[in-house]
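Here is the file start-v5.pdb (PDB, C-alpha atoms and all ligand atoms).
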ATOM      1  CA  MET A  18      87.978 116.165  99.155
ATOM      2  CA  PRO A  19      89.891 114.445 101.974
ATOM      3  CA  GLU A  20      90.231 115.985 105.390
ATOM      4  CA  PRO A  21      93.688 117.538 105.776
ATOM      5  CA  ALA A  22      96.123 115.416 107.747
ATOM      6  CA  SER A  23      97.015 116.175 111.361
ATOM      7  CA  PRO A  24      98.455 119.636 111.955
ATOM      8  CA  HIS A  25     102.192 119.892 111.613
ATOM      9  CA  LEU A  26     102.871 116.427 110.434
ATOM     10  CA  MET A  27     106.554 116.485 109.634
ATOM     11  CA  VAL A  28     107.902 114.772 106.585
ATOM     12  CA  GLY A  29     111.636 114.547 106.118
ATOM     13  CA  ASP A  30     111.787 114.615 102.349
ATOM     14  CA  ALA A  31     110.119 116.973  99.910
ATOM     15  CA  TRP A  32     109.707 114.125  97.419
ATOM     16  CA  ASP A  33     107.277 112.414  99.765
ATOM     17  CA  VAL A  34     105.007 115.387  99.106
ATOM     18  CA  TRP A  35     105.381 114.997  95.362
ATOM     19  CA  TRP A  36     104.540 111.291  95.750
ATOM     20  CA  ALA A  37     101.409 112.005  97.794
ATOM     21  CA  CYS A  38     100.182 114.684  95.374
ATOM     22  CA  THR A  39     100.797 112.461  92.369
ATOM     23  CA  ARG A  40      98.946 109.500  93.894
ATOM     24  CA  ALA A  41      96.047 111.696  94.998
ATOM     25  CA  GLY A  42      95.891 113.676  91.765
ATOM     26  CA  LEU A  43      95.712 116.864  93.836
ATOM     27  CA  SER A  44      97.869 119.933  94.351
ATOM     28  CA  ALA A  45      99.796 120.457  97.588
ATOM     29  CA  SER A  46      97.420 123.222  98.664
ATOM     30  CA  GLU A  47      94.399 120.989  98.014
ATOM     31  CA  LEU A  48      96.001 118.439 100.346
ATOM     32  CA  GLY A  49      96.635 121.134 102.976
ATOM     33  CA  ILE A  50     100.399 120.880 102.639
ATOM     34  CA  ASP A  51     102.690 123.827 103.125
ATOM     35  CA  LEU A  52     106.200 122.959 102.062
ATOM     36  CA  ARG A  53     108.943 124.750 104.000
ATOM     37  CA  LEU A  54     112.682 124.536 104.222
ATOM     38  CA  ASP A  55     113.887 123.228 107.575
ATOM     39  CA  ASP A  56     115.038 126.458 109.187
ATOM     40  CA  GLY A  57     115.124 125.102 112.711
ATOM     41  CA  VAL A  58     111.581 126.161 113.544
ATOM     42  CA  ARG A  59     110.056 122.975 114.819
ATOM     43  CA  SER A  60     106.381 122.224 114.951
ATOM     44  CA  THR A  61     106.391 122.180 118.740
ATOM     45  CA  ASP A  62     107.344 125.832 118.741
ATOM     46  CA  PRO A  63     105.914 127.375 115.617
ATOM     47  CA  ASP A  64     106.334 131.052 114.984
ATOM     48  CA  PRO A  65     102.764 132.311 115.087
ATOM     49  CA  GLY A  66     103.661 135.011 112.580
ATOM     50  CA  GLU A  67     104.824 132.580 109.909
ATOM     51  CA  GLY A  68     103.555 129.579 108.075
ATOM     52  CA  PRO A  69     100.113 128.077 108.149
ATOM     53  CA  ASP A  70      97.904 128.191 111.179
ATOM     54  CA  PRO A  71      97.969 124.683 112.682
ATOM     55  CA  ARG A  72      94.384 125.117 113.795
ATOM     56  CA  GLN A  73      93.433 125.055 110.129
ATOM     57  CA  GLY A  74      94.855 121.558 109.846
ATOM     58  CA  SER A  75      97.757 122.386 107.575
ATOM     59  CA  VAL A  76     100.698 120.072 107.205
ATOM     60  CA  VAL A  77     104.146 121.571 107.454
ATOM     61  CA  VAL A  78     106.871 119.682 105.721
ATOM     62  CA  LEU A  79     110.366 120.338 106.933
ATOM     63  CA  ALA A  80     113.046 119.308 104.501
ATOM     64  CA  GLU A  81     116.732 119.914 103.987
ATOM     65  CA  CYS A  82     117.306 120.842 100.368
ATOM     66  CA  GLY A  83     116.207 124.202  98.999
ATOM     67  CA  ARG A  84     116.560 123.059  95.404
ATOM     68  CA  CYS A  85     114.177 120.131  95.957
ATOM     69  CA  ILE A  86     111.737 122.272  97.915
ATOM     70  CA  ALA A  87     111.580 124.626  94.924
ATOM     71  CA  ALA A  88     111.218 121.741  92.444
ATOM     72  CA  VAL A  89     108.471 120.031  94.435
ATOM     73  CA  ARG A  90     106.658 123.306  95.080
ATOM     74  CA  ASP A  91     106.652 123.945  91.375
ATOM     75  CA  LEU A  92     105.530 120.429  90.483
ATOM     76  CA  THR A  93     102.741 120.320  93.061
ATOM     77  CA  ARG A  94     101.322 123.797  92.543
ATOM     78  CA  ARG A  95      98.744 122.059  90.390
ATOM     79  CA  ALA A  96      97.876 118.372  90.469
ATOM     80  CA  PRO A  97     101.061 116.722  89.139
ATOM     81  CA  ASN A  98     100.717 115.390  85.619
ATOM     82  CA  ASP A  99     104.325 115.292  84.443
ATOM     83  CA  THR A 100     105.378 111.692  83.909
ATOM     84  CA  THR A 101     109.104 112.472  83.848
ATOM     85  CA  ASP A 102     111.304 110.540  86.277
ATOM     86  CA  PRO A 103     111.863 112.559  89.470
ATOM     87  CA  ASP A 104     115.667 112.606  89.157
ATOM     88  CA  ARG A 105     115.367 114.660  85.971
ATOM     89  CA  TRP A 106     113.878 117.530  87.927
ATOM     90  CA  SER A 107     116.652 118.216  90.380
ATOM     91  CA  ARG A 108     120.393 117.947  89.853
ATOM     92  CA  CYS A 109     121.280 117.733  93.547
ATOM     93  CA  GLY A 110     120.806 113.950  93.593
ATOM     94  CA  CYS A 111     118.120 114.009  96.291
ATOM     95  CA  PRO A 112     115.347 112.403  94.186
ATOM     96  CA  ALA A 113     117.539 109.402  93.355
ATOM     97  CA  ARG A 114     118.558 109.006  97.020
ATOM     98  CA  TRP A 115     114.944 109.310  98.137
ATOM     99  CA  ALA A 116     113.834 106.689  95.601
ATOM    100  CA  ARG A 117     116.657 104.348  96.625
ATOM    101  CA  ARG A 118     115.645 104.570 100.286
ATOM    102  CA  MET A 119     112.074 103.632  99.351
ATOM    103  CA  ARG A 120     113.215 100.696  97.240
ATOM    104  CA  GLU A 121     115.669  99.437  99.847
ATOM    105  CA  HIS A 122     112.917  99.440 102.420
ATOM    106  CA  ASP A 123     110.697  97.332 100.170
ATOM    107  CA  GLN A 124     113.461  94.947  99.147
ATOM    108  CA  ALA A 125     114.438  94.410 102.770
ATOM    109  CA  ARG A 126     110.916  93.189 103.357
ATOM    110  CA  PRO A 127     110.071  90.736 100.608
ATOM    111  CA  ASP A 128     106.702  90.015 102.189
ATOM    112  CA  GLN A 129     105.934  93.659 101.417
ATOM    113  CA  ASP A 130     104.764  94.232 104.958
ATOM    114  CA  ARG A 131     104.797  98.014 105.280
ATOM    115  CA  SER A 132     102.631  98.206 108.351
ATOM    116  CA  GLU A 133     105.507  99.343 110.562
ATOM    117  CA  ARG A 134     105.747 102.692 108.814
ATOM    118  CA  THR A 135     102.024 103.326 108.855
ATOM    119  CA  ASP A 136      99.608 103.814 111.691
ATOM    120  CA  PRO A 137      99.165 100.240 112.987
ATOM    121  CA  SER A 138      95.562 100.937 113.930
ATOM    122  CA  ALA A 139      94.660 101.920 110.357
ATOM    123  CA  ALA A 140      91.795  99.822 109.020
ATOM    124  CA  TRP A 141      89.410 100.336 106.137
ATOM    125  CA  ARG A 142      86.675  98.665 104.092
ATOM    126  CA  LEU A 143      86.721 100.027 100.550
ATOM    127  CA  SER A 144      89.567  99.170  98.222
ATOM    128  CA  ILE A 145      90.250  98.726  94.534
ATOM    129  CA  GLY A 146      91.917  95.614  93.176
ATOM    130  CA  VAL A 147      93.511  96.234  89.794
ATOM    131  CA  VAL A 148      93.922  92.953  87.906
ATOM    132  CA  LYS A 149      96.924  93.455  85.647
ATOM    133  CA  PRO A 150      97.001  92.608  81.916
ATOM    134  CA  GLY A 151      96.983  88.905  81.144
ATOM    135  CA  ALA A 152      96.043  87.760  84.658
ATOM    136  CA  ASP A 153      93.124  85.368  85.169
ATOM    137  CA  VAL A 154      90.359  87.778  86.173
ATOM    138  CA  ASP A 155      87.925  85.034  87.190
ATOM    139  CA  ALA A 156      90.506  83.437  89.483
ATOM    140  CA  VAL A 157      91.311  86.786  91.144
ATOM    141  CA  HIS A 158      87.603  87.441  91.502
ATOM    142  CA  GLU A 159      87.062  84.097  93.190
ATOM    143  CA  LEU A 160      90.049  84.451  95.525
ATOM    144  CA  LEU A 161      89.096  87.944  96.659
ATOM    145  CA  SER A 162      85.436  86.947  97.085
ATOM    146  CA  SER A 163      86.302  85.010 100.224
ATOM    147  CA  GLN A 164      87.060  88.296 102.016
ATOM    148  CA  PHE A 165      85.382  91.037 100.033
ATOM    149  CA  GLN A 166      82.096  91.764  98.400
ATOM    150  CA  ILE A 167      82.952  92.739  94.829
ATOM    151  CA  ILE A 168      80.402  95.391  93.972
ATOM    152  CA  ALA A 169      81.655  96.356  90.516
ATOM    153  CA  ALA A 170      84.208  95.353  87.907
ATOM    154  CA  LEU A 171      85.394  97.839  85.312
ATOM    155  CA  GLN A 172      87.565  97.016  82.342
ATOM    156  CA  ARG A 173      89.786  99.732  80.951
ATOM    157  CA  MET A 174      93.072 100.465  79.263
ATOM    158  CA  LEU A 175      95.598 102.390  81.320
ATOM    159  CA  SER A 176      97.400 105.349  79.773
ATOM    160  CA  ASP A 177     101.026 106.252  80.502
ATOM    161  CA  ARG A 178      99.703 108.905  82.867
ATOM    162  CA  ASP A 179      97.517 106.368  84.700
ATOM    163  CA  VAL A 180     100.531 104.127  85.273
ATOM    164  CA  HIS A 181     102.546 107.092  86.518
ATOM    165  CA  ARG A 182      99.824 107.961  89.007
ATOM    166  CA  LEU A 183      99.599 104.378  90.283
ATOM    167  CA  TYR A 184     103.390 104.052  90.544
ATOM    168  CA  PRO A 185     105.016 107.510  90.597
ATOM    169  CA  GLU A 186     108.448 106.042  91.155
ATOM    170  CA  ALA A 187     109.190 102.350  91.102
ATOM    171  CA  TYR A 188     112.655 100.811  91.043
ATOM    172  CA  GLY A 189     114.197 103.411  88.721
ATOM    173  CA  PRO A 190     113.711 104.503  85.102
ATOM    174  CA  ALA A 191     114.504 101.118  83.479
ATOM    175  CA  PHE A 192     111.938  99.319  85.623
ATOM    176  CA  ARG A 193     109.417 102.062  85.028
ATOM    177  CA  ARG A 194     109.730 101.697  81.250
ATOM    178  CA  ARG A 195     109.140  97.924  81.472
ATOM    179  CA  GLN A 196     106.292  98.444  83.910
ATOM    180  CA  ASN A 197     104.683 101.035  81.682
ATOM    181  CA  ASP A 198     104.915  98.773  78.612
ATOM    182  CA  TYR A 199     103.417  95.898  80.574
ATOM    183  CA  LEU A 200     100.560  97.774  82.235
ATOM    184  CA  THR A 201      99.510  99.484  78.993
ATOM    185  CA  SER A 202      99.784  96.266  76.923
ATOM    186  CA  GLY A 203      96.181  95.186  77.507
ATOM    187  CA  PRO A 204      93.105  95.974  79.538
ATOM    188  CA  VAL A 205      93.144  95.932  83.334
ATOM    189  CA  HIS A 206      90.122  95.076  85.453
ATOM    190  CA  ALA A 207      89.400  97.319  88.401
ATOM    191  CA  LEU A 208      87.446  95.412  91.055
ATOM    192  CA  VAL A 209      85.637  97.546  93.611
ATOM    193  CA  LEU A 210      86.058  95.705  96.913
ATOM    194  CA  VAL A 211      84.079  96.201 100.095
ATOM    195  CA  ALA A 212      85.024  94.237 103.208
ATOM    196  CA  PRO A 213      82.221  93.331 105.649
ATOM    197  CA  ALA A 214      84.134  95.182 108.384
ATOM    198  CA  ARG A 215      87.237  97.308 108.466
ATOM    199  CA  LEU A 216      90.307  95.209 107.766
ATOM    200  CA  THR A 217      93.762  96.047 109.086
ATOM    201  CA  ILE A 218      96.808  96.731 106.945
ATOM    202  CA  ARG A 219      98.034  93.193 107.548
ATOM    203  CA  GLN A 220      94.703  91.697 106.483
ATOM    204  CA  HIS A 221      94.615  93.732 103.271
ATOM    205  CA  GLN A 222      98.194  92.795 102.503
ATOM    206  CA  ALA A 223      97.543  89.131 103.251
ATOM    207  CA  ALA A 224      94.591  89.124 100.838
ATOM    208  CA  LYS A 225      96.726  90.623  98.084
ATOM    209  CA  MET A 226      99.687  88.330  98.666
ATOM    210  CA  ALA A 227      97.417  85.259  98.739
ATOM    211  CA  VAL A 228      96.154  86.125  95.246
ATOM    212  CA  ARG A 229      99.663  86.681  93.924
ATOM    213  CA  LYS A 230     100.863  83.415  95.425
ATOM    214  CA  ALA A 231      97.896  81.403  94.141
ATOM    215  CA  LEU A 232      98.391  82.731  90.613
ATOM    216  CA  GLY A 233     102.035  81.868  90.509
ATOM    217  CA  GLY A 234     104.479  84.321  91.955
ATOM    218  CA  THR A 235     105.471  87.542  93.606
ATOM    219  CA  ASP A 236     107.683  89.042  90.907
ATOM    220  CA  ASP A 237     107.947  92.840  91.289
ATOM    221  CA  LEU A 238     106.570  93.476  87.824
ATOM    222  CA  ARG A 239     104.233  90.676  86.733
ATOM    223  CA  ASN A 240     102.464  90.051  89.999
ATOM    224  CA  TYR A 241      98.851  89.957  88.742
ATOM    225  CA  LEU A 242      97.220  92.294  91.220
ATOM    226  CA  HIS A 243      97.624  95.851  92.445
ATOM    227  CA  MET A 244      95.976  96.656  95.764
ATOM    228  CA  ALA A 245      96.653  99.519  98.142
ATOM    229  CA  ASP A 246      98.646  98.878 101.319
ATOM    230  CA  ASN A 247      97.039 101.609 103.372
ATOM    231  CA  PRO A 248      93.743 103.506 103.507
ATOM    232  CA  ALA A 249      95.231 106.652 101.966
ATOM    233  CA  GLU A 250      96.372 104.820  98.865
ATOM    234  CA  ALA A 251      93.054 102.951  98.678
ATOM    235  CA  TRP A 252      91.366 106.359  98.618
ATOM    236  CA  CYS A 253      93.764 107.535  95.885
ATOM    237  CA  ASP A 254      93.017 104.489  93.748
ATOM    238  CA  ALA A 255      89.261 104.898  94.195
ATOM    239  CA  GLN A 256      89.428 108.579  93.182
ATOM    240  CA  HIS A 257      91.651 107.760  90.261
ATOM    241  CA  LEU A 258      89.758 104.816  88.810
ATOM    242  CA  LEU A 259      86.154 105.543  89.821
ATOM    243  CA  GLY A 260      86.068 109.339  89.624
ATOM    244  CA  PRO A 261      83.091 111.027  91.327
ATOM    245  CA  THR A 262      81.542 107.620  92.137
ATOM    246  CA  ALA A 263      84.269 107.128  94.743
ATOM    247  CA  ALA A 264      82.845 109.870  96.976
ATOM    248  CA  GLN A 265      79.395 108.237  96.872
ATOM    249  CA  LEU A 266      80.867 104.852  97.812
ATOM    250  CA  TYR A 267      82.825 106.321 100.719
ATOM    251  CA  GLU A 268      79.642 107.939 101.940
ATOM    252  CA  ARG A 269      77.626 104.741 101.612
ATOM    253  CA  TYR A 270      80.130 102.390 103.209
ATOM    254  CA  GLY A 271      81.813 104.738 105.676
ATOM    255  CA  ALA A 272      85.042 103.290 104.381
TER     256      ALA A 272
HETATM  257 ZN    ZN B   1     117.788 118.236  96.606
END
Here is a file; write its structure as structure tokens.
Amino acid sequence: MPEPASPHLMVGDAWDVWWACTRAGLSASELGIDLRLDDGVRSTDPDPGEGPDPRQGSVVVLAECGRCIAAVRDLTRRAPNDTTDPDRWSRCGCPARWARRMREHDQARPDQDRSERTDPSAAWRLSIGVVKPGADVDAVHELLSSQFQIIAALQRMLSDRDVHRLYPEAYGPAFRRRQNDYLTSGPVHALVLVAPARLTIRQHQAAKMAVRKALGGTDDLRNYLHMADNPAEAWCDAQHLLGPTAAQLYERYGA
């Protein structure tokens, strides 16, 4: 179980919570998240009589739309396992706007450098490289070996639910259908990667992009390799694809 995030982290959109719960495979309460409508009570001046006690490490999410708060609360009461597109759950239009903002951010940065919206000091050792169907596993193995020790390689078929957990929302329903068909069309290879020392976000991203480039392209869909862009998502992928073994690896490598 991960440590809860910093007390009173504020997130502007309820769907970010749904995303985090889906990726982690955990409920909001298991992640220490208390979802609240933005009623003007800011984290700097919390009402001690209401909401979670910040000393317990809870995360308060302040968001604008009551309908989405209710939808996300409902969806994250247990670990999310509904693979429906988010915009089906709420008729206010917020999920589609939220997804568009995410996509626009990515498309504005074709190098997929997302370090500016994540703690720049974040660095980690353990990651999972998922070699997508049809990609040259040996070539990926060799390319990643220059920076990582590859301590295990697992072959498996992904289910629709696996794909949904890896990519809860990606470029809209049409893209998601194509992505799902592609990622379930053949086995993937999950490579368990351990760097000799903690690598920064930029170093992890550079390793991933170097593989994609060497194998022939950076197309959004058929790009050969999935690898997390931050330590939180690396943790999610390890939990997802390795199960209980992930906890042992994190203990061993202090990842
Ligand atoms: Zn809404």
Worksheet item: When you draw a straight line from atom CA of A:Cys253 to atom CA of A:Leu43, how long is it in Å?
Response: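 Separation of atom CA of A:Cys253 and atom CA of A:Leu43: 9.7 Å.
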Please report, as a Markdown table, each residue of stretch 187-250 of chain A lying at most 12 Å from stretch 76-100 of chain A, together with the nearest pair of atoms and the separation in Å rounded to one decimal; use only C-alpha atoms, and order rows by chain and ascending residue number.
| residue | atom | partner | partner_atom | distance |
| --- | --- | --- | --- | --- |
| A:Pro190 | CA | A:Thr100 | CA | 11.1 |
| A:Arg193 | CA | A:Thr100 | CA | 10.5 |
| A:Arg194 | CA | A:Thr100 | CA | 11.2 |
| A:Asn197 | CA | A:Thr100 | CA | 10.9 |
Worksheet item: Which one of A:Leu183, A:Leu266, A:Val154, A:Ile50 sits closest to A:Arg142 if you count only C-alpha atoms?
Response: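 Looking at the shortest contact to A:Arg142, the residue is A:Leu266.
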Worksheet entry | Contacts of A:Ala140 within 12 Å, only C-alpha atoms, excl. fewer than 4 positions in-chain, as a list in words |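 Non-adjacent residues within range: Ser132, Thr135, Asp136, Ser144, Ala212, Ala214, Arg215, Leu216, Thr217, Ile218, Arg219, Gln220, His221, Gln222, Ala245, Asp246, Asn247, Pro248, Ala249, Ala251, Gly271 and Ala272 of chain A.
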Item to complete: Could you give me, as a count of residues only, the residues that sit within 7 Å of (93.9, 87.9, 91.2) in the file's coordinates, counting only C-alpha atoms?
Response: 13
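When only C-alpha atoms are used to compute distances to A:Leu259, the closest of the residues A:Leu161, A:Ala31, A:Ala207, A:Ile167 turns out to be A:Ala207.
Once the PyMOL selection byres (((chain A and resi 165) around 7) and not hetatm) is applied to the depicted file, the selected set reads A:Leu161, A:Ser162, A:Ser163, A:Gln164, A:Gln166, A:Ile167, A:Leu210, A:Val211, A:Ala212, A:Pro213.
Residue nearest ligand ZN 1 (chain B) within the list A:Arg120, A:Arg108, A:Arg53, A:Arg195: A:Arg108 [criterion: smallest interatomic distance, all atoms listed in the file].
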Worksheet item: Quick one, how far is atom CA of A:Ser107 from atom CA of A:Val180?
Response: 22.0 Å
Identify, on the basis of all atoms listed in the file, every residue whose closest approach to A:Tyr184 does not exceed 10 Å; exclude the query and any residue fewer than 2 positions from it along the same chain; express the result as a PDB file with C-alpha atoms, in the frame of the given file.
ATOM      1  CA  TRP A  36     104.540 111.291  95.750  1.00  0.00           C
ATOM      2  CA  THR A  39     100.797 112.461  92.369  1.00  0.00           C
ATOM      3  CA  ARG A  40      98.946 109.500  93.894  1.00  0.00           C
ATOM      4  CA  ARG A 178      99.703 108.905  82.867  1.00  0.00           C
ATOM      5  CA  ASP A 179      97.517 106.368  84.700  1.00  0.00           C
ATOM      6  CA  VAL A 180     100.531 104.127  85.273  1.00  0.00           C
ATOM      7  CA  HIS A 181     102.546 107.092  86.518  1.00  0.00           C
ATOM      8  CA  ARG A 182      99.824 107.961  89.007  1.00  0.00           C
ATOM      9  CA  GLU A 186     108.448 106.042  91.155  1.00  0.00           C
ATOM     10  CA  ALA A 187     109.190 102.350  91.102  1.00  0.00           C
ATOM     11  CA  TYR A 188     112.655 100.811  91.043  1.00  0.00           C
ATOM     12  CA  ARG A 193     109.417 102.062  85.028  1.00  0.00           C
ATOM     13  CA  GLN A 196     106.292  98.444  83.910  1.00  0.00           C
ATOM     14  CA  ASN A 197     104.683 101.035  81.682  1.00  0.00           C
TER      15      ASN A 197
END
Item to complete: Rounded to one decimal place, report the atom CA of A:Ala41-atom CA of A:Pro112 distance in Å.
Response: 19.3 Å
Fill in: Closest of A:Asp102, A:Leu48, A:Trp115, A:Trp35 to ligand ZN 1 (chain B) - atom-to-atom distances counting only C-alpha atoms and all ligand atoms
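Using only C-alpha atoms and all ligand atoms, ligand ZN 1 (chain B) sits closest to A:Trp115.
When all atoms listed in the file are used to measure the gap to A:Leu171, the shortest distance among A:Ala231, A:Leu200, A:Ala191, A:Val205 belongs to A:Val205.
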Export stretch 182-270 of chain A, C-alpha atoms, as a short mmCIF file (atom, residue, chain, number, x, y, z; two decimals), in the first residue's frame; it's the structure right above.
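In the end it all went to out-v2.cif:
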data_model
loop_
_atom_site.label_atom_id
_atom_site.label_comp_id
_atom_site.auth_asym_id
_atom_site.auth_seq_id
_atom_site.Cartn_x
_atom_site.Cartn_y
_atom_site.Cartn_z
CA ARG A 182 -6.08 0.29 -16.54
CA LEU A 183 -2.93 1.11 -18.52
CA TYR A 184 -4.70 3.82 -20.53
CA PRO A 185 -7.90 4.92 -18.76
CA GLU A 186 -8.57 7.62 -21.31
CA ALA A 187 -6.53 8.09 -24.44
CA TYR A 188 -7.47 10.35 -27.34
CA GLY A 189 -11.21 9.62 -27.22
CA PRO A 190 -13.43 6.58 -27.78
CA ALA A 191 -12.40 5.90 -31.42
CA PHE A 192 -8.71 5.82 -30.52
CA ARG A 193 -9.43 3.69 -27.49
CA ARG A 194 -11.21 1.07 -29.60
CA ARG A 195 -8.24 0.87 -32.01
CA GLN A 196 -5.81 0.80 -29.11
CA ASN A 197 -7.73 -1.94 -27.38
CA ASP A 198 -7.85 -4.08 -30.55
CA TYR A 199 -4.13 -3.58 -31.06
CA LEU A 200 -2.98 -4.24 -27.49
CA THR A 201 -5.12 -7.38 -27.15
CA SER A 202 -4.13 -8.73 -30.60
CA GLY A 203 -1.10 -10.67 -29.34
CA PRO A 204 1.08 -11.19 -26.31
CA VAL A 205 2.94 -8.32 -24.67
CA HIS A 206 6.24 -8.73 -22.85
CA ALA A 207 6.58 -7.01 -19.51
CA LEU A 208 10.25 -6.30 -18.76
CA VAL A 209 11.08 -5.60 -15.13
CA LEU A 210 13.69 -2.83 -15.23
CA VAL A 211 16.02 -1.76 -12.45
CA ALA A 212 18.32 1.21 -12.99
CA PRO A 213 21.69 1.19 -11.17
CA ALA A 214 20.72 4.49 -9.53
CA ARG A 215 17.60 6.60 -9.47
CA LEU A 216 16.95 8.12 -12.87
CA THR A 217 15.10 11.39 -13.38
CA ILE A 218 11.89 11.80 -15.35
CA ARG A 219 13.87 13.08 -18.32
CA GLN A 220 16.22 10.09 -18.25
CA HIS A 221 13.33 7.61 -18.13
CA GLN A 222 11.58 9.41 -20.95
CA ALA A 223 14.77 9.56 -23.01
CA ALA A 224 15.25 5.80 -22.62
CA LYS A 225 11.70 5.14 -23.81
CA MET A 226 11.87 7.55 -26.73
CA ALA A 227 15.23 6.12 -27.84
CA VAL A 228 13.65 2.66 -28.13
CA ARG A 229 10.67 3.99 -30.06
CA LYS A 230 12.92 5.93 -32.41
CA ALA A 231 15.30 3.01 -33.00
CA LEU A 232 12.41 0.69 -33.83
CA GLY A 233 10.90 3.03 -36.34
CA GLY A 234 8.60 5.72 -35.09
CA THR A 235 6.69 7.59 -32.46
CA ASP A 236 3.13 7.02 -33.66
CA ASP A 237 0.63 7.46 -30.80
CA LEU A 238 -0.72 3.95 -31.19
CA ARG A 239 1.93 1.60 -32.59
CA ASN A 240 4.93 2.88 -30.71
CA TYR A 241 6.40 -0.45 -29.54
CA LEU A 242 6.95 0.31 -25.88
CA HIS A 243 4.94 1.48 -22.89
CA MET A 244 6.95 2.87 -19.99
CA ALA A 245 5.81 5.08 -17.14
CA ASP A 246 6.68 8.79 -17.19
CA ASN A 247 6.75 9.24 -13.44
CA PRO A 248 7.39 7.15 -10.33
CA ALA A 249 3.69 6.96 -9.43
CA GLU A 250 2.77 5.41 -12.74
CA ALA A 251 5.78 3.08 -12.56
CA TRP A 252 4.41 1.90 -9.21
CA CYS A 253 0.95 1.43 -10.76
CA ASP A 254 2.37 -0.65 -13.60
CA ALA A 255 4.41 -2.80 -11.22
CA GLN A 256 1.35 -3.47 -9.02
CA HIS A 257 -0.77 -4.18 -12.05
CA LEU A 258 1.56 -6.51 -13.94
CA LEU A 259 3.58 -8.14 -11.15
CA GLY A 260 0.98 -8.37 -8.37
CA PRO A 261 2.35 -9.07 -4.87
CA THR A 262 5.89 -9.47 -6.27
CA ALA A 263 5.97 -5.71 -6.83
CA ALA A 264 6.02 -4.99 -3.08
CA GLN A 265 8.99 -7.35 -2.62
CA LEU A 266 10.90 -5.65 -5.45
CA TYR A 267 10.24 -2.18 -4.04
CA GLU A 268 11.53 -3.38 -0.70
CA ARG A 269 14.64 -4.95 -2.21
CA TYR A 270 15.60 -2.08 -4.49
#
